[in-house]
Amino acid sequence: MLLNKRFSDSQLVEEIKAGNEEALVSMQKSYYAMVKSFILKNNGTEDEIDDVLQDSIIAVWRNVNKPHFSLTVKMSTYLMAIVKNLWYKQLKKKTRFTVVDESLQEKITADDIKTDHLDHRIIHQLVAELDETCMKLLGYFYFDGFDNKTIAQKMGFANTDTVKSKKYQCFKRLQSSVTTKFNKEDFFN
Amino acid sequence: MDKQQHIHELIDQYLMGELVGQELDKFKIRLKDDPAFLNQVQIQKAIINRVEIARRDELKAILVDATKPKKGFIIPFGNRSLAVAASILSLLAFGLIIKTMLPQGGEELSQADKTEQTIIKEPIENQKPVSDSAQVVATLDDENQDSLFIPPSLEIALADVVEDDETMDDASILTAESDDVDFAELKKNEDEIDGDEFKAQRDSMLGSKNVVLLAVAYETQASEATTSQEVKTAKKDGLFNRKSKEKSDKKTAVAESAPQKTLKTSPSIGIRVEFWESIVKFKGYKFDGKKLLLFDTPVSTQIGLKSYGNTTFLNKGGTWYKIVPNNSFNQMVRVSNTEILKVLNAK
């Protein structure tokens with residue numbers, strides 16, 4: 001169970017870098033009122049507050065773990081900047097009457113690699129079937145952006161080489177189940 | 001590390017935009033020429049996407065869970081002060097009940113005491129009339145309360161109050177520990193922090209300039225004319241499309257293998273460069289292919305733009321950075337590959 005700890009800004013950054021998920025909950029509590037006030041005063045409703053706040057906190061989580069990140073303003077200011085961006089995007093979508101799933105800001109940037117022809121539901125299912133260790137390891141690496149040292153500490157691995165090797169094993173297992181479960185005709189739409 | 005693992009990590013690096021220089025060129029050539037390799041990259045990208053979604057959902061679930069009240073009986077008081085206030089209200093209500101139970105006024109009480117020969121020994125004039133609940137509480141707390149007459153019903157009621165008070169105390173502790181959303185405190189915070197103050201804070205543009213993007217490529221003397229012609233044609237059309245870039249790449253590859261290769265720099269398109277100050281002191285850039293937003297860079301900074309292969313590079317104050325075109329905010333990535341630096345610094 002996550003306790004109701006409060007962190008200072010520098011503590012928050014340290015805890016996020018260390019992968020302490022309690023920091024997320026602490027942020028949610030600390031900044032709820034501020035975000036609520038902003039959303040309600042900018043054409044939002046109560047129902048939309050949690051979603052925007054949670055997406056923003058997760059964006060902070062990812063940004064803090066980027067290699068060159070340094071917090072030079074108050075965490076509240078930084079978070080609000082992200083909240084504003086997300087909210088204005090959402091407002092634009094609202095006014096255009098379009099529904100676009102931007103729930104994931106992809107870290108990968110290779111736009112020339114198209115994956116639309118792949119059946120993502122099947123891959124999603126196979127990812128969901130991963131064992132907990134692999135799921136955590138791949139999530140830490142690809143989503144959180146933790147370095148191998150942090151992952152080793154969090155997961156109790158001996159060193160960074162173990163992380164690399166284990167990560168490759170997990171990925172390979174997943175990749176082979178993706179490719180063996182379907183022959184190409186079935187898999188590619 | 002075996003070969004497959006190396007390829008896996010190479011694909012990771014490519015997908016994360018970390019491949020540069022020759023390695024990137026080789027990778028792209030293999031993507032074009034080797035369909036099986038392309039499939040592998042596509043599958044790896046799709047898997048990473050799904051892993052990211054799964055992890056994001058996991059983190060979001062933690063946040064959603066934190067907003068839900070815990071199971072079990074929880075008295076809806078967010079903090080101890082509210083619970084104390086509730087206790088006082090209970091006592092006031094209790095006082096009202098007592099008032100209705102007691103005889104009217106001190107005189108009548110003392111009269112009744114006399115007739116029933118009670119244990120009250122103090123003079124009647126020292127007795128305080130039980131007129132309101134606060135006084136009842138004060139009287140009960142008095143050290144001499146043993147000497148007071150307490151009707152049996154009052155004793156029972158008092159026991160109830162003590163019990164209720166304890167229950168409330170436990171409940172408030174339980175509530176404080178188990179209720180993750182502290183509404184009272186949030187409300188307090190809300191009064192302290194006004195969301196409006198953030199409306200006034202916006203990123204501001206300090207200035208802008210147009211910079212010509214110089215395309216750098218190795219060419220042989222023989223192919224130079226052809227390439228110049230292509231550049232002119234592309235200019236005429238007003239854009240460099242991917243095909244022409246790919247052709248240019250192929251030519252570059254051929255030129256590299258030719259014995260007499262020369263490095264040619266030719267102007268391609270104009271890029272609007274804007275200098276922005278970020279409220280969060282962001283120090284990176286945003287680039288959509290036609291417009292480059294630089295954050296935390298003074299307007300007076302010497303700016304140059306070159307493209308080599310399919311990659312754009314920014315010269316900022318004498319240092320070269322790799323620029324990735326996408327709609328995200330990116331950190332500056334300094335070019336460290338000596339071969340690329342040699343190409344970029346060539347006159």
# chains A, B, ... in the order shown; residues from 1 in each chain; ligands from 1
call {"tool": "interface_residues", "arguments": {"of": "chain A", "to": "chain B", "cutoff": "8 Å", "atoms": "only C-alpha atoms", "output": "MDAnalysis selection string"}}
result
chainID A and resid 2 4 21 24:25 28:30 32:38 41 54:55 58 68 72:73 77:78 80:81 104 106:110 113:115 118 120 123:124 127:128 135:136 138:140 142:143 168 175
call {"tool": "write_last_selection", "arguments": {"atoms": "N, CA and C atoms", "output": "compact mmCIF listing (two decimals), in the first residue's frame"}}
result
# COMPACT_ATOMS: atom_id res chain seq x y z
N LEU A 2 0.49 2.22 -0.81
CA LEU A 2 1.28 3.44 -0.88
C LEU A 2 0.87 4.37 0.25
N ASN A 4 0.83 8.02 2.44
CA ASN A 4 0.58 9.40 2.03
C ASN A 4 1.77 10.29 2.36
N GLU A 21 7.21 4.72 -7.01
CA GLU A 21 5.89 5.10 -7.51
C GLU A 21 5.06 5.88 -6.49
N LEU A 24 4.46 9.45 -7.36
CA LEU A 24 3.34 9.79 -8.25
C LEU A 24 2.10 10.13 -7.43
N VAL A 25 1.83 9.27 -6.45
CA VAL A 25 0.64 9.46 -5.62
C VAL A 25 0.77 10.76 -4.82
N GLN A 28 -0.02 13.60 -7.04
CA GLN A 28 -1.45 13.68 -7.33
C GLN A 28 -2.19 14.40 -6.20
N LYS A 29 -1.81 14.08 -4.98
CA LYS A 29 -2.45 14.72 -3.83
C LYS A 29 -2.07 16.19 -3.74
N SER A 30 -0.79 16.45 -3.94
CA SER A 30 -0.30 17.82 -3.74
C SER A 30 -0.86 18.80 -4.76
N TYR A 32 -3.57 18.35 -6.88
CA TYR A 32 -4.96 18.15 -7.32
C TYR A 32 -5.72 19.48 -7.34
N ALA A 33 -5.65 20.20 -6.23
CA ALA A 33 -6.44 21.44 -6.11
C ALA A 33 -6.05 22.45 -7.19
N MET A 34 -4.75 22.54 -7.42
CA MET A 34 -4.24 23.49 -8.40
C MET A 34 -4.76 23.15 -9.81
N VAL A 35 -4.68 21.88 -10.15
CA VAL A 35 -5.11 21.45 -11.49
C VAL A 35 -6.62 21.56 -11.61
N LYS A 36 -7.31 21.23 -10.54
CA LYS A 36 -8.77 21.34 -10.55
C LYS A 36 -9.18 22.79 -10.85
N SER A 37 -8.54 23.71 -10.15
CA SER A 37 -8.85 25.12 -10.33
C SER A 37 -8.63 25.54 -11.80
N PHE A 38 -7.53 25.10 -12.35
CA PHE A 38 -7.21 25.46 -13.73
C PHE A 38 -8.21 24.86 -14.72
N LYS A 41 -11.66 26.42 -14.54
CA LYS A 41 -11.72 27.80 -15.05
C LYS A 41 -11.45 27.87 -16.56
N GLN A 54 -3.48 12.93 -14.07
CA GLN A 54 -2.73 11.66 -14.09
C GLN A 54 -1.83 11.57 -15.32
N ASP A 55 -2.35 11.96 -16.47
CA ASP A 55 -1.51 11.93 -17.68
C ASP A 55 -0.31 12.87 -17.54
N ILE A 58 2.30 11.38 -15.21
CA ILE A 58 3.06 10.32 -15.89
C ILE A 58 4.06 10.93 -16.89
N HIS A 68 19.07 14.20 -19.77
CA HIS A 68 19.55 15.56 -19.53
C HIS A 68 18.56 16.40 -18.71
N THR A 72 14.54 23.24 -13.11
CA THR A 72 15.05 24.58 -12.78
C THR A 72 13.93 25.49 -12.29
N VAL A 73 12.72 24.97 -12.25
CA VAL A 73 11.60 25.74 -11.69
C VAL A 73 10.92 24.89 -10.64
N THR A 77 5.10 24.48 -11.07
CA THR A 77 5.12 25.26 -12.32
C THR A 77 5.35 24.33 -13.51
N TYR A 78 6.28 23.41 -13.32
CA TYR A 78 6.59 22.46 -14.40
C TYR A 78 5.39 21.59 -14.73
N MET A 80 2.28 22.26 -14.13
CA MET A 80 1.19 23.06 -14.70
C MET A 80 1.44 23.35 -16.18
N ALA A 81 2.70 23.50 -16.55
CA ALA A 81 3.03 23.74 -17.96
C ALA A 81 2.58 22.52 -18.78
N LEU A 104 -0.69 7.87 -25.47
CA LEU A 104 0.71 7.49 -25.32
C LEU A 104 1.58 8.43 -26.14
N GLU A 106 4.76 8.54 -27.66
CA GLU A 106 5.77 7.53 -27.94
C GLU A 106 7.17 8.07 -27.78
N LYS A 107 7.99 7.24 -27.21
CA LYS A 107 9.38 7.62 -27.02
C LYS A 107 10.14 7.38 -28.32
N ILE A 108 9.70 6.37 -29.05
CA ILE A 108 10.41 6.03 -30.27
C ILE A 108 10.03 7.00 -31.37
N THR A 109 11.02 7.35 -32.16
CA THR A 109 10.82 8.45 -33.10
C THR A 109 10.92 8.01 -34.56
N ALA A 110 11.09 6.74 -34.80
CA ALA A 110 11.27 6.28 -36.18
C ALA A 110 9.91 6.24 -36.89
N ILE A 113 9.07 3.79 -39.91
CA ILE A 113 8.74 2.37 -39.72
C ILE A 113 7.25 2.26 -39.43
N LYS A 114 6.52 1.80 -40.40
CA LYS A 114 5.07 1.72 -40.27
C LYS A 114 4.68 0.37 -39.65
N THR A 115 3.77 0.44 -38.71
CA THR A 115 3.33 -0.81 -38.07
C THR A 115 1.81 -0.97 -38.15
N LEU A 118 0.21 -4.35 -38.74
CA LEU A 118 0.32 -5.41 -37.74
C LEU A 118 -0.91 -5.41 -36.83
N HIS A 120 -2.20 -5.16 -33.65
CA HIS A 120 -1.70 -4.73 -32.34
C HIS A 120 -2.42 -5.39 -31.18
N ILE A 123 -0.52 -8.49 -30.32
CA ILE A 123 0.73 -8.18 -29.62
C ILE A 123 0.42 -7.73 -28.19
N HIS A 124 -0.63 -6.94 -28.06
CA HIS A 124 -1.04 -6.47 -26.74
C HIS A 124 -1.33 -7.66 -25.82
N VAL A 127 1.90 -9.36 -24.84
CA VAL A 127 2.62 -8.55 -23.85
C VAL A 127 1.97 -8.75 -22.47
N ALA A 128 0.64 -8.77 -22.47
CA ALA A 128 -0.08 -8.95 -21.20
C ALA A 128 0.21 -10.30 -20.56
N MET A 135 7.77 -8.19 -17.69
CA MET A 135 6.90 -7.03 -17.89
C MET A 135 7.50 -5.79 -17.23
N LYS A 136 7.95 -5.97 -15.99
CA LYS A 136 8.53 -4.84 -15.26
C LYS A 136 9.82 -4.37 -15.93
N LEU A 138 10.93 -4.72 -19.04
CA LEU A 138 10.73 -4.05 -20.33
C LEU A 138 10.06 -2.68 -20.14
N GLY A 139 9.12 -2.62 -19.21
CA GLY A 139 8.45 -1.35 -18.91
C GLY A 139 9.43 -0.32 -18.39
N TYR A 140 10.27 -0.74 -17.45
CA TYR A 140 11.28 0.18 -16.88
C TYR A 140 12.19 0.70 -17.98
N TYR A 142 11.78 0.62 -21.53
CA TYR A 142 11.23 1.33 -22.69
C TYR A 142 10.33 2.50 -22.31
N PHE A 143 9.56 2.37 -21.24
CA PHE A 143 8.63 3.46 -20.90
C PHE A 143 9.27 4.44 -19.92
N TYR A 168 17.11 -8.81 -23.01
CA TYR A 168 17.14 -9.42 -24.34
C TYR A 168 16.38 -10.75 -24.34
N GLN A 175 9.16 -11.82 -28.75
CA GLN A 175 9.25 -11.72 -30.21
C GLN A 175 8.98 -13.08 -30.87
call {"tool": "atom_distance", "arguments": {"atom1": "atom CA of Leu305 of chain B", "atom2": "atom CA of Tyr218 of chain B"}}
result
17.3 Å
call {"tool": "closest_residue", "arguments": {"among": "A:Asn20, A:Gln90, A:Ser76, A:Ser70", "to": "Glu48 of chain A", "atoms": "only C-alpha atoms"}}
result
A:Gln90
call {"tool": "closest_residue", "arguments": {"among": "A:Val52, A:Leu86, A:Leu137, A:Gln125", "to": "Phe157 of chain A", "atoms": "only C-alpha atoms"}}
result
A:Leu137
call {"tool": "atom_distance", "arguments": {"atom1": "atom CA of Asn65 of chain A", "atom2": "atom CA of Gly145 of chain A"}}
result
5.9 Å
call {"tool": "closest_residue", "arguments": {"among": "A:Ile39, A:Tyr31, A:Ile16, A:Asn159", "to": "Lys84 of chain A", "atoms": "only C-alpha atoms"}}
result
A:Ile39
